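Enquirer: Take a look at data-v5.cif, mmCIF, C-alpha atoms and all ligand atoms:
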data_run
loop_
_atom_site.label_atom_id
_atom_site.label_comp_id
_atom_site.auth_asym_id
_atom_site.auth_seq_id
_atom_site.Cartn_x
_atom_site.Cartn_y
_atom_site.Cartn_z
CA MET A 1 -37.14 -96.01 156.55
CA SER A 2 -35.91 -95.04 153.12
CA THR A 3 -38.31 -95.01 150.18
CA VAL A 4 -38.14 -97.63 147.43
CA TYR A 5 -36.64 -94.97 145.18
CA GLU A 6 -33.87 -94.23 147.69
CA GLN A 7 -33.02 -97.91 147.88
CA ILE A 8 -32.89 -98.15 144.12
CA GLN A 9 -30.82 -94.98 143.98
CA GLU A 10 -28.19 -96.77 146.08
CA LYS A 11 -28.29 -99.80 143.82
CA TYR A 12 -27.57 -97.61 140.80
CA ALA A 13 -24.86 -95.79 142.70
CA GLU A 14 -23.06 -99.13 143.05
CA TYR A 15 -22.75 -99.05 139.26
CA GLY A 16 -21.59 -95.44 139.35
CA ILE A 17 -24.92 -94.06 138.18
CA ASP A 18 -26.36 -90.93 139.79
CA THR A 19 -30.12 -91.28 139.28
CA GLU A 20 -30.71 -87.67 140.32
CA ALA A 21 -28.44 -86.43 137.55
CA VAL A 22 -30.13 -88.83 135.13
CA ILE A 23 -33.58 -87.44 135.96
CA ARG A 24 -32.34 -83.89 135.47
CA THR A 25 -30.73 -84.77 132.15
CA VAL A 26 -33.56 -86.76 130.64
CA ASP A 27 -36.07 -84.07 131.51
CA LYS A 28 -34.30 -81.51 129.33
CA ILE A 29 -33.96 -83.58 126.16
CA PRO A 30 -36.44 -82.15 123.66
CA VAL A 31 -38.64 -84.66 121.87
CA SER A 32 -40.63 -83.33 118.94
CA VAL A 33 -44.13 -84.76 119.07
CA HIS A 34 -45.70 -85.23 115.63
CA CYS A 35 -49.14 -83.65 115.23
CA TRP A 36 -50.32 -86.34 112.81
CA GLN A 37 -51.07 -89.21 115.20
CA GLY A 38 -54.28 -87.46 116.24
CA ASP A 39 -56.14 -87.47 112.91
CA ASP A 40 -54.50 -90.21 110.84
CA VAL A 41 -52.28 -87.76 108.91
CA GLY A 42 -55.40 -86.14 107.42
CA GLY A 43 -54.75 -82.46 108.05
CA PHE A 44 -57.40 -79.76 107.83
CA GLU A 45 -56.95 -78.07 104.49
CA LYS A 46 -60.55 -78.90 103.61
CA ALA A 47 -63.38 -80.45 105.56
CA GLY A 48 -62.83 -84.20 105.66
CA SER A 49 -59.21 -84.13 104.40
CA SER A 50 -57.63 -87.54 104.49
CA LEU A 51 -54.29 -89.17 103.84
CA SER A 52 -53.76 -90.19 100.24
CA GLY A 53 -50.78 -91.29 98.22
CA GLY A 54 -47.27 -91.04 99.43
CA GLY A 55 -46.88 -94.74 100.04
CA ILE A 56 -47.83 -94.37 103.68
CA GLN A 57 -51.01 -95.74 105.13
CA VAL A 58 -53.01 -95.48 108.31
CA THR A 59 -55.24 -98.39 109.15
CA GLY A 60 -58.14 -98.47 111.60
CA SER A 61 -61.18 -96.35 112.26
CA TYR A 62 -61.25 -96.12 116.02
CA PRO A 63 -63.96 -93.60 116.97
CA GLY A 64 -63.26 -90.15 118.35
CA LYS A 65 -60.73 -88.83 115.81
CA ALA A 66 -60.07 -85.08 116.05
CA ARG A 67 -62.37 -83.32 113.56
CA SER A 68 -60.88 -79.87 113.75
CA ILE A 69 -57.66 -78.10 114.60
CA ALA A 70 -59.15 -77.14 117.97
CA GLU A 71 -59.86 -80.79 118.79
CA LEU A 72 -56.43 -81.85 117.59
CA ARG A 73 -54.78 -79.27 119.84
CA GLN A 74 -56.85 -80.41 122.77
CA ASP A 75 -55.74 -84.00 122.11
CA ILE A 76 -52.07 -83.03 121.76
CA GLU A 77 -52.29 -81.20 125.07
CA LYS A 78 -53.77 -84.29 126.68
CA ALA A 79 -51.15 -86.66 125.25
CA VAL A 80 -48.31 -84.36 126.25
CA SER A 81 -49.79 -83.81 129.73
CA LEU A 82 -49.30 -87.54 130.23
CA THR A 83 -45.60 -87.40 129.37
CA PRO A 84 -42.79 -85.93 131.45
CA GLY A 85 -40.02 -83.86 129.87
CA THR A 86 -39.47 -81.13 127.29
CA HIS A 87 -41.62 -81.23 124.17
CA ARG A 88 -41.66 -79.61 120.79
CA ILE A 89 -44.51 -80.07 118.33
CA SER A 90 -43.91 -81.08 114.75
CA LEU A 91 -46.49 -79.78 112.26
CA HIS A 92 -47.12 -80.77 108.66
CA ALA A 93 -48.02 -78.19 106.02
CA ASN A 94 -51.42 -79.82 105.49
CA TYR A 95 -52.37 -78.67 109.01
CA ALA A 96 -52.63 -75.05 107.82
CA ASP A 97 -55.35 -73.13 109.61
CA PHE A 98 -57.62 -71.34 107.12
CA GLU A 99 -60.15 -70.32 109.74
CA ASN A 100 -59.18 -66.65 109.51
CA THR A 101 -57.36 -66.51 106.19
CA LYS A 102 -58.39 -67.33 102.63
CA PRO A 103 -57.70 -71.01 101.84
CA VAL A 104 -54.79 -71.27 99.39
CA ASP A 105 -53.07 -74.11 97.60
CA ARG A 106 -49.77 -75.51 98.87
CA ASP A 107 -47.70 -73.33 96.54
CA ALA A 108 -49.17 -70.18 98.05
CA LEU A 109 -48.97 -70.93 101.76
CA GLU A 110 -47.95 -68.06 103.98
CA PRO A 111 -46.93 -67.92 107.63
CA SER A 112 -50.32 -66.34 108.39
CA ALA A 113 -51.95 -69.77 107.92
CA PHE A 114 -49.85 -70.98 110.86
CA GLN A 115 -50.11 -67.96 113.14
CA SER A 116 -52.75 -69.66 115.27
CA TRP A 117 -50.48 -72.69 115.72
CA LEU A 118 -47.70 -70.40 116.85
CA ASP A 119 -49.98 -68.62 119.30
CA TRP A 120 -51.22 -71.92 120.65
CA ALA A 121 -47.69 -73.32 120.92
CA ARG A 122 -46.56 -70.25 122.79
CA SER A 123 -49.44 -70.53 125.25
CA CYS A 124 -48.46 -74.15 125.92
CA GLY A 125 -44.72 -73.51 126.03
CA PHE A 126 -43.95 -75.58 122.92
CA HIS A 127 -41.50 -74.80 120.14
CA LEU A 128 -42.54 -75.85 116.65
CA ASP A 129 -40.91 -77.94 113.95
CA PHE A 130 -42.24 -78.22 110.43
CA ASN A 131 -42.68 -80.57 107.48
CA ALA A 132 -43.53 -79.73 103.89
CA THR A 133 -46.35 -82.01 102.68
CA PHE A 134 -45.68 -83.65 99.32
CA PHE A 135 -48.62 -86.09 99.51
CA SER A 136 -52.44 -86.02 99.86
CA HIS A 137 -52.78 -83.62 96.96
CA PRO A 138 -54.03 -83.84 93.35
CA LYS A 139 -50.55 -82.87 92.10
CA ALA A 140 -48.98 -85.69 94.13
CA GLN A 141 -50.64 -88.61 92.34
CA GLY A 142 -47.38 -89.43 90.61
CA LEU A 143 -43.92 -87.95 91.02
CA THR A 144 -43.46 -84.55 92.72
CA LEU A 145 -39.96 -83.04 92.90
CA CYS A 146 -38.75 -85.76 90.51
CA SER A 147 -41.44 -85.17 87.92
CA LYS A 148 -40.41 -84.66 84.32
CA ASP A 149 -43.33 -82.24 84.09
CA ARG A 150 -41.89 -78.82 84.77
CA GLY A 151 -45.24 -77.45 86.01
CA ILE A 152 -45.63 -80.18 88.64
CA ARG A 153 -42.03 -79.88 89.72
CA ASP A 154 -42.22 -76.10 90.03
CA PHE A 155 -45.40 -76.37 92.07
CA TRP A 156 -43.65 -78.57 94.63
CA ILE A 157 -40.45 -76.53 94.60
CA GLU A 158 -42.57 -73.49 95.41
CA HIS A 159 -44.31 -75.45 98.16
CA GLY A 160 -40.95 -76.36 99.68
CA LYS A 161 -39.82 -72.74 99.54
CA ARG A 162 -43.02 -71.58 101.22
CA CYS A 163 -42.54 -74.17 103.93
CA ARG A 164 -39.01 -72.98 104.61
CA THR A 165 -40.36 -69.45 105.02
CA ILE A 166 -42.98 -70.73 107.46
CA GLY A 167 -40.37 -72.71 109.37
CA ALA A 168 -38.09 -69.68 109.54
CA PHE A 169 -41.04 -67.63 110.78
CA PHE A 170 -41.53 -70.14 113.61
CA GLY A 171 -37.82 -70.17 114.36
CA GLU A 172 -37.57 -66.41 114.56
CA LYS A 173 -40.69 -65.95 116.67
CA GLN A 174 -39.99 -68.78 119.09
CA LYS A 175 -36.25 -67.97 119.32
CA SER A 176 -35.36 -71.58 118.66
CA PRO A 177 -34.49 -72.94 115.22
CA CYS A 178 -37.31 -74.83 113.54
CA ILE A 179 -36.30 -78.19 112.08
CA HIS A 180 -37.89 -78.42 108.65
CA ASN A 181 -38.09 -81.92 107.22
CA VAL A 182 -38.47 -82.78 103.56
CA TRP A 183 -39.75 -86.21 102.67
CA ILE A 184 -41.15 -87.15 99.28
CA ALA A 185 -42.57 -90.48 98.21
CA ASP A 186 -41.39 -90.28 94.59
CA GLY A 187 -40.71 -93.73 93.28
CA MET A 188 -41.97 -96.53 91.07
CA LYS A 189 -44.06 -99.59 91.67
CA ASP A 190 -42.16 -101.54 89.07
CA ILE A 191 -38.72 -101.56 87.50
CA PRO A 192 -37.86 -98.09 86.18
CA ALA A 193 -36.30 -97.70 82.78
CA ASP A 194 -33.88 -95.19 84.16
CA ARG A 195 -32.90 -94.92 87.81
CA LYS A 196 -30.58 -92.02 87.27
CA VAL A 197 -32.76 -89.45 85.57
CA TYR A 198 -35.18 -88.95 88.49
CA ARG A 199 -32.30 -88.54 90.90
CA GLU A 200 -30.75 -85.90 88.68
CA ILE A 201 -34.06 -84.07 88.59
CA LEU A 202 -34.45 -84.43 92.35
CA CYS A 203 -31.03 -82.94 92.94
CA GLU A 204 -31.86 -79.96 90.77
CA SER A 205 -35.27 -79.50 92.37
CA LEU A 206 -33.79 -79.57 95.85
CA ASP A 207 -31.13 -77.05 94.90
CA ALA A 208 -33.91 -74.74 93.72
CA LEU A 209 -36.06 -75.45 96.78
CA PHE A 210 -33.18 -74.64 99.13
CA SER A 211 -31.81 -71.74 97.09
CA GLU A 212 -32.79 -69.02 99.53
CA ASN A 213 -30.21 -68.54 102.22
CA ILE A 214 -31.91 -68.65 105.62
CA SER A 215 -30.07 -68.28 108.90
CA GLU A 216 -29.60 -71.49 110.87
CA ALA A 217 -30.68 -69.52 113.90
CA TYR A 218 -34.19 -69.75 112.46
CA LEU A 219 -34.32 -72.79 110.23
CA LYS A 220 -32.55 -76.10 109.82
CA ASP A 221 -33.42 -78.18 106.77
CA SER A 222 -33.39 -81.94 107.02
CA ILE A 223 -33.94 -84.53 104.30
CA GLU A 224 -35.46 -87.98 104.81
CA SER A 225 -34.70 -91.04 102.72
CA LYS A 226 -36.73 -94.19 102.32
CA LEU A 227 -36.14 -97.70 101.03
CA PHE A 228 -39.58 -98.38 99.59
CA GLY A 229 -43.23 -97.58 100.12
CA ILE A 230 -46.61 -98.86 99.02
CA GLY A 231 -46.61 -98.28 95.28
CA SER A 232 -42.87 -97.60 95.20
CA GLU A 233 -41.61 -101.11 95.81
CA ALA A 234 -39.12 -101.19 92.95
CA TYR A 235 -37.56 -97.78 93.24
CA VAL A 236 -37.46 -94.72 95.49
CA ALA A 237 -35.55 -91.77 94.07
CA GLY A 238 -34.70 -90.33 97.48
CA SER A 239 -32.68 -93.27 98.73
CA HIS A 240 -30.31 -93.25 101.69
CA GLU A 241 -27.25 -92.85 99.50
CA PHE A 242 -28.89 -90.02 97.59
CA TYR A 243 -29.71 -87.96 100.67
CA LEU A 244 -26.50 -88.79 102.51
CA GLY A 245 -24.59 -87.40 99.55
CA TYR A 246 -26.92 -84.43 99.27
CA ALA A 247 -26.68 -83.62 102.98
CA LEU A 248 -22.89 -83.81 102.91
CA THR A 249 -22.43 -81.65 99.85
CA ARG A 250 -25.15 -79.10 100.71
CA ASN A 251 -24.67 -78.95 104.45
CA LYS A 252 -28.14 -80.25 105.33
CA LEU A 253 -29.36 -82.33 108.24
CA LEU A 254 -30.12 -85.97 107.56
CA THR A 255 -33.29 -87.61 108.84
CA LEU A 256 -33.06 -91.26 109.85
CA ASP A 257 -36.47 -92.91 110.19
CA MET A 258 -36.44 -96.28 111.93
CA GLY A 259 -38.82 -97.72 109.33
CA HIS A 260 -36.94 -96.64 106.24
CA PHE A 261 -34.23 -99.26 105.93
CA HIS A 262 -33.89 -102.96 105.21
CA PRO A 263 -35.61 -104.79 108.08
CA THR A 264 -32.42 -106.36 109.38
CA GLU A 265 -30.45 -103.12 109.32
CA ASN A 266 -29.73 -101.58 112.68
CA VAL A 267 -30.67 -97.93 112.31
CA ALA A 268 -29.08 -97.05 115.66
CA ASP A 269 -25.75 -98.20 114.27
CA LYS A 270 -25.89 -95.47 111.64
CA ILE A 271 -25.73 -92.58 114.11
CA SER A 272 -22.05 -92.88 114.97
CA SER A 273 -21.05 -93.11 111.31
CA VAL A 274 -23.27 -90.41 109.96
CA MET A 275 -22.41 -87.98 112.74
CA LEU A 276 -18.74 -88.12 111.92
CA PHE A 277 -19.58 -86.32 108.70
CA VAL A 278 -23.02 -84.74 109.03
CA LYS A 279 -23.18 -82.07 111.71
CA GLU A 280 -26.74 -82.64 112.86
CA ILE A 281 -29.39 -85.27 112.33
CA LEU A 282 -33.11 -85.68 112.86
CA LEU A 283 -34.44 -89.02 114.05
CA HIS A 284 -37.91 -90.30 113.35
CA LEU A 285 -38.63 -92.75 116.12
CA SER A 286 -41.02 -95.27 114.67
CA ARG A 287 -41.76 -98.99 114.80
CA PRO A 288 -41.82 -100.85 111.53
CA MET A 289 -43.50 -104.22 111.55
CA ARG A 290 -42.55 -106.17 108.42
CA TRP A 291 -42.69 -102.89 106.49
CA ASP A 292 -42.66 -99.17 107.26
CA SER A 293 -45.91 -99.61 109.18
CA ASP A 294 -45.38 -96.76 111.66
CA HIS A 295 -46.67 -98.70 114.66
CA VAL A 296 -46.74 -96.94 118.03
CA ILE A 297 -43.24 -97.03 119.48
CA ILE A 298 -42.70 -99.24 122.50
CA LEU A 299 -39.75 -99.99 124.73
CA ASN A 300 -38.31 -102.67 122.44
CA ASP A 301 -34.67 -103.41 121.65
CA ASP A 302 -34.66 -101.15 118.59
CA LEU A 303 -35.83 -98.10 120.51
CA ARG A 304 -33.49 -98.83 123.42
CA LEU A 305 -30.50 -99.19 121.13
CA MET A 306 -31.41 -96.00 119.35
CA CYS A 307 -31.55 -94.08 122.61
CA GLU A 308 -28.32 -95.66 123.84
CA GLU A 309 -26.58 -94.42 120.72
CA ILE A 310 -28.08 -90.96 121.17
CA VAL A 311 -26.74 -90.83 124.73
CA LYS A 312 -23.37 -92.34 123.87
CA SER A 313 -22.84 -89.91 120.98
CA ARG A 314 -22.31 -87.13 123.55
CA LYS A 315 -23.70 -84.86 120.87
CA LEU A 316 -27.20 -84.64 122.20
CA GLU A 317 -27.61 -81.07 121.05
CA ASN A 318 -26.91 -82.14 117.45
CA ILE A 319 -29.41 -84.98 117.44
CA HIS A 320 -32.98 -83.83 117.05
CA ILE A 321 -35.46 -86.43 118.21
CA GLY A 322 -38.82 -86.62 116.48
CA LEU A 323 -41.65 -89.11 116.65
CA ASP A 324 -43.26 -90.62 113.56
CA PHE A 325 -45.97 -93.20 114.15
CA PHE A 326 -49.68 -93.30 113.47
CA ASP A 327 -52.26 -95.87 114.43
CA GLY A 328 -55.96 -95.31 113.83
CA SER A 329 -57.01 -98.71 115.13
CA ILE A 330 -56.69 -97.96 118.85
CA ASN A 331 -57.45 -94.98 121.05
CA ARG A 332 -55.37 -92.32 119.28
CA ILE A 333 -54.56 -90.23 122.33
CA GLY A 334 -53.58 -93.36 124.20
CA ALA A 335 -51.34 -94.36 121.30
CA TRP A 336 -49.77 -90.92 121.31
CA ALA A 337 -49.19 -90.81 125.06
CA LEU A 338 -47.82 -94.32 125.14
CA GLY A 339 -45.36 -93.62 122.33
CA CYS A 340 -44.26 -90.32 123.89
CA ARG A 341 -43.73 -92.04 127.22
CA SER A 342 -41.81 -94.92 125.64
CA ALA A 343 -39.45 -92.53 123.89
CA ARG A 344 -38.74 -90.73 127.15
CA LYS A 345 -38.47 -94.02 129.04
CA ALA A 346 -35.98 -95.38 126.53
CA LEU A 347 -33.88 -92.24 126.96
CA LEU A 348 -34.03 -92.67 130.73
CA CYS A 349 -32.98 -96.33 130.46
CA ALA A 350 -30.09 -95.36 128.20
CA LEU A 351 -28.91 -92.77 130.73
CA LEU A 352 -29.12 -95.38 133.50
CA LEU A 353 -26.69 -97.73 131.75
CA PRO A 354 -23.19 -97.95 133.24
CA HIS A 355 -21.51 -97.10 129.94
CA GLU A 356 -18.15 -96.37 131.52
CA LYS A 357 -17.95 -99.71 133.29
CA ILE A 358 -19.01 -101.55 130.15
CA ALA A 359 -16.36 -99.71 128.15
CA ALA A 360 -13.71 -100.45 130.77
CA TYR A 361 -14.35 -104.19 130.43
CA GLU A 362 -14.08 -103.84 126.69
CA ASP A 363 -10.75 -102.05 126.98
CA GLU A 364 -9.49 -104.79 129.28
CA GLY A 365 -10.51 -107.34 126.68
CA ASP A 366 -12.95 -108.94 129.14
CA PHE A 367 -15.80 -109.50 126.72
CA PHE A 368 -17.55 -111.93 129.05
CA ALA A 369 -17.81 -109.25 131.73
CA ARG A 370 -19.00 -106.72 129.15
CA LEU A 371 -21.79 -109.06 128.06
CA ALA A 372 -22.69 -110.07 131.62
CA LEU A 373 -22.94 -106.49 132.81
CA LEU A 374 -25.10 -105.53 129.84
CA GLU A 375 -27.34 -108.49 130.63
CA ASN A 376 -27.50 -107.82 134.37
CA VAL A 377 -28.53 -104.20 134.05
CA LYS A 378 -31.52 -105.21 131.94
CA SER A 379 -33.34 -106.36 135.06
CA MET A 380 -32.34 -103.37 137.17
CA PRO A 381 -35.47 -101.53 138.37
CA ALA A 382 -35.39 -98.60 135.95
CA GLY A 383 -39.18 -98.45 136.33
CA ILE A 384 -38.78 -97.17 139.89
CA VAL A 385 -36.65 -94.28 138.65
CA TRP A 386 -39.26 -93.65 135.94
CA ASP A 387 -42.05 -93.61 138.55
CA GLU A 388 -40.09 -91.15 140.66
CA TYR A 389 -39.44 -88.98 137.60
CA CYS A 390 -43.18 -88.97 136.76
CA ARG A 391 -44.10 -88.21 140.38
CA ARG A 392 -41.80 -85.19 140.52
CA SER A 393 -43.03 -83.99 137.14
CA ASN A 394 -46.61 -84.31 138.32
CA ILE A 395 -47.34 -86.78 135.55
CA ALA A 396 -49.45 -89.93 135.84
CA PRO A 397 -47.39 -93.04 136.64
CA ASP A 398 -47.70 -96.06 134.36
CA SER A 399 -50.30 -97.57 136.68
CA LYS A 400 -52.65 -94.61 136.03
CA LEU A 401 -52.19 -94.21 132.28
CA ILE A 402 -55.01 -96.51 131.19
CA ASP A 403 -57.50 -94.83 133.54
CA GLU A 404 -56.42 -91.41 132.32
CA ILE A 405 -57.05 -92.37 128.71
CA HIS A 406 -60.37 -94.02 129.51
CA THR A 407 -61.54 -90.93 131.38
CA TYR A 408 -60.59 -88.65 128.50
CA GLU A 409 -62.37 -90.97 126.11
CA TYR A 410 -65.47 -90.95 128.26
CA ASN A 411 -65.48 -87.19 128.77
CA VAL A 412 -64.19 -85.97 125.41
CA THR A 413 -63.58 -88.20 122.42
CA SER A 414 -66.62 -90.47 122.79
CA LYS A 415 -68.79 -87.38 122.41
CA ARG A 416 -67.39 -86.65 118.93
CA GLY A 417 -69.76 -87.69 116.17
C1 LIG B 501 -43.01 -91.45 105.49
C2 LIG B 501 -42.06 -90.66 106.33
C3 LIG B 501 -42.57 -89.31 106.76
C4 LIG B 501 -44.02 -89.30 107.17
C5 LIG B 501 -44.49 -88.02 107.80
C6 LIG B 501 -45.98 -87.97 107.94
O1 LIG B 501 -42.61 -92.74 105.29
O2 LIG B 501 -41.67 -91.40 107.44
O3 LIG B 501 -41.75 -88.81 107.75
O4 LIG B 501 -44.31 -90.37 108.04
O5 LIG B 501 -43.99 -86.98 107.11
ZN ZN B 502 -40.51 -90.38 108.92
#
Show me the file's structure as structure tokens.
Ligand code: RNT
Ligand code: ZN

Expert:
Amino acid sequence: MSTVYEQIQEKYAEYGIDTEAVIRTVDKIPVSVHCWQGDDVGGFEKAGSSLSGGGIQVTGSYPGKARSIAELRQDIEKAVSLTPGTHRISLHANYADFENTKPVDRDALEPSAFQSWLDWARSCGFHLDFNATFFSHPKAQGLTLCSKDRGIRDFWIEHGKRCRTIGAFFGEKQKSPCIHNVWIADGMKDIPADRKVYREILCESLDALFSENISEAYLKDSIESKLFGIGSEAYVAGSHEFYLGYALTRNKLLTLDMGHFHPTENVADKISSVMLFVKEILLHLSRPMRWDSDHVIILNDDLRLMCEEIVKSRKLENIHIGLDFFDGSINRIGAWALGCRSARKALLCALLLPHEKIAAYEDEGDFFARLALLENVKSMPAGIVWDEYCRRSNIAPDSKLIDEIHTYEYNVTSKRG
């Protein structure tokens, strides 16, 4: 008697899909897990740090939030232990560890404040990515890199430079380039008098921030646009057009966040255009609901399409996949694990699609067959392949996830004050 998986394997083979090869491929795709789901983007610069400004918001006060870097690391380890595949960890500058070094402001950060993260990452087998933090700070109440106030602007330029040094430090030590992402919230709640001036300033500030030449073997800089945020409804200086132009002329990576475009825009559709001209991109997998709400990602059409485009690009090594969601209203580790699993599952589903057959129908002009095949494969049992992948990776199957999270809650997070 063959196992259910073996039967399913044959079914996929009829479509020309080798599920064994798919499992091998999906397992190696690195997904960079964001550290900020575990503590509502608070960071640990000071006791009780919390997210402020920046036009992003976390809602909910589910009990058990990580209160220290040690707890956050424990939670990351738990979330990742529930997800098959290769993981990187994406840190934000406001997660500096001042336990053994003197606390400093953002414009004085040194790699030493992240040494413990590097040691921890090495012990877990993770590579690190990095993000400068241009929010949750007294100097980020208004504009940052776009500020007309030279002092404010210089402070944030210096912060960006420091973050590049920290990223390069990670890259060198871990022998894998660190992707360093720059996102600023700078914008206006209401109609600006002058849309151009802040963009001119931003361009100059970025040129200064990126002025030091750092080897791509250590550091890759990426820049993230946004359409609008809370408090920047009328105008965001760092728009898509701005950063696309900047990335092209300055040879930077471009970050595409699924929540940063008009709601009816298909972000997946941008990959094949952008990648004709920009060498590498960073994706922020997220789930906007009516606005850039950063809901936990799930296996919906948007995520599937995104992963299909990643796979079809055949440039997997030039597409860096990062997660960007945060929900404080439900069990945070559960949210994390679920989102990590959904990302990996969407990649698996994309690899299980018979792209060649679909393309052949298209070339023959048989658009009915193309549509029918796309529709038929939706109800193929990809979940069985996923279960088999989890089993081989020694990772809880879907049917055990809820129990796993409840047990961790009972044993660990419910004991946090
Ligand atoms: C904000 C951007 C940005 C942040 C993180 C915390 O809208 O998406 O990527 O979510 O830097
Ligand atoms: Zn983002």

Enquirer: Hey, which bits of chain A sit within 8 Å of ligand ZN 502 (chain B), and for each residue what's the closest pair of atoms and how far apart in Å (one decimal), counting only C-alpha atoms and all ligand atoms, rows by chain and increasing number, as a tab-separated table?

Expert:
residue	atom	partner	partner_atom	distance
A:Trp183	CA	B:ZN502	ZN	7.6
A:Glu224	CA	B:ZN502	ZN	6.9
A:Thr255	CA	B:ZN502	ZN	7.7
A:Leu256	CA	B:ZN502	ZN	7.6
A:Asp257	CA	B:ZN502	ZN	4.9
A:Met258	CA	B:ZN502	ZN	7.8
A:Gly259	CA	B:ZN502	ZN	7.5
A:His260	CA	B:ZN502	ZN	7.7
A:His284	CA	B:ZN502	ZN	5.1
A:Leu285	CA	B:ZN502	ZN	7.8
A:Ser286	CA	B:ZN502	ZN	7.6
A:Leu323	CA	B:ZN502	ZN	7.9
A:Asp324	CA	B:ZN502	ZN	5.4

Enquirer: Neighbourhood query: residues within 12 Å of (-58.8, -92.9, 130.0), file coordinates, counting all atoms listed in the file; return as a ChimeraX atom specification.

Expert: /A:78-79,82,331-335,337,396,399-414

Enquirer: Which value, in Å to one decimal, gives the distance between CA of Trp291 in chain A and atom C2 of ligand LIG 501 (chain B)?

Expert: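 Atom C2 of ligand LIG 501 (chain B) lies at a distance of 12.2 Å from CA of Trp291 in chain A.
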
Enquirer: Mind checking which residues fall within 12 Å of His87 in chain A, counting all atoms listed in the file, ignoring those fewer than 5 positions away in the same chain, and posting them as a ChimeraX atom specification?

Expert: /A:26-35,76-77,79-82,121,124-129,320-323,340-341,343-344

Enquirer: Around ligand LIG 501 (chain B), out to 8 Å and counting only C-alpha atoms and all ligand atoms, which residues are there? I want them as a VMD selection string.

Expert: chain A and resid 36 41 54 to 56 92 131 to 133 181 to 185 224 226 229 257 259 to 260 284 292 294 324 to 325
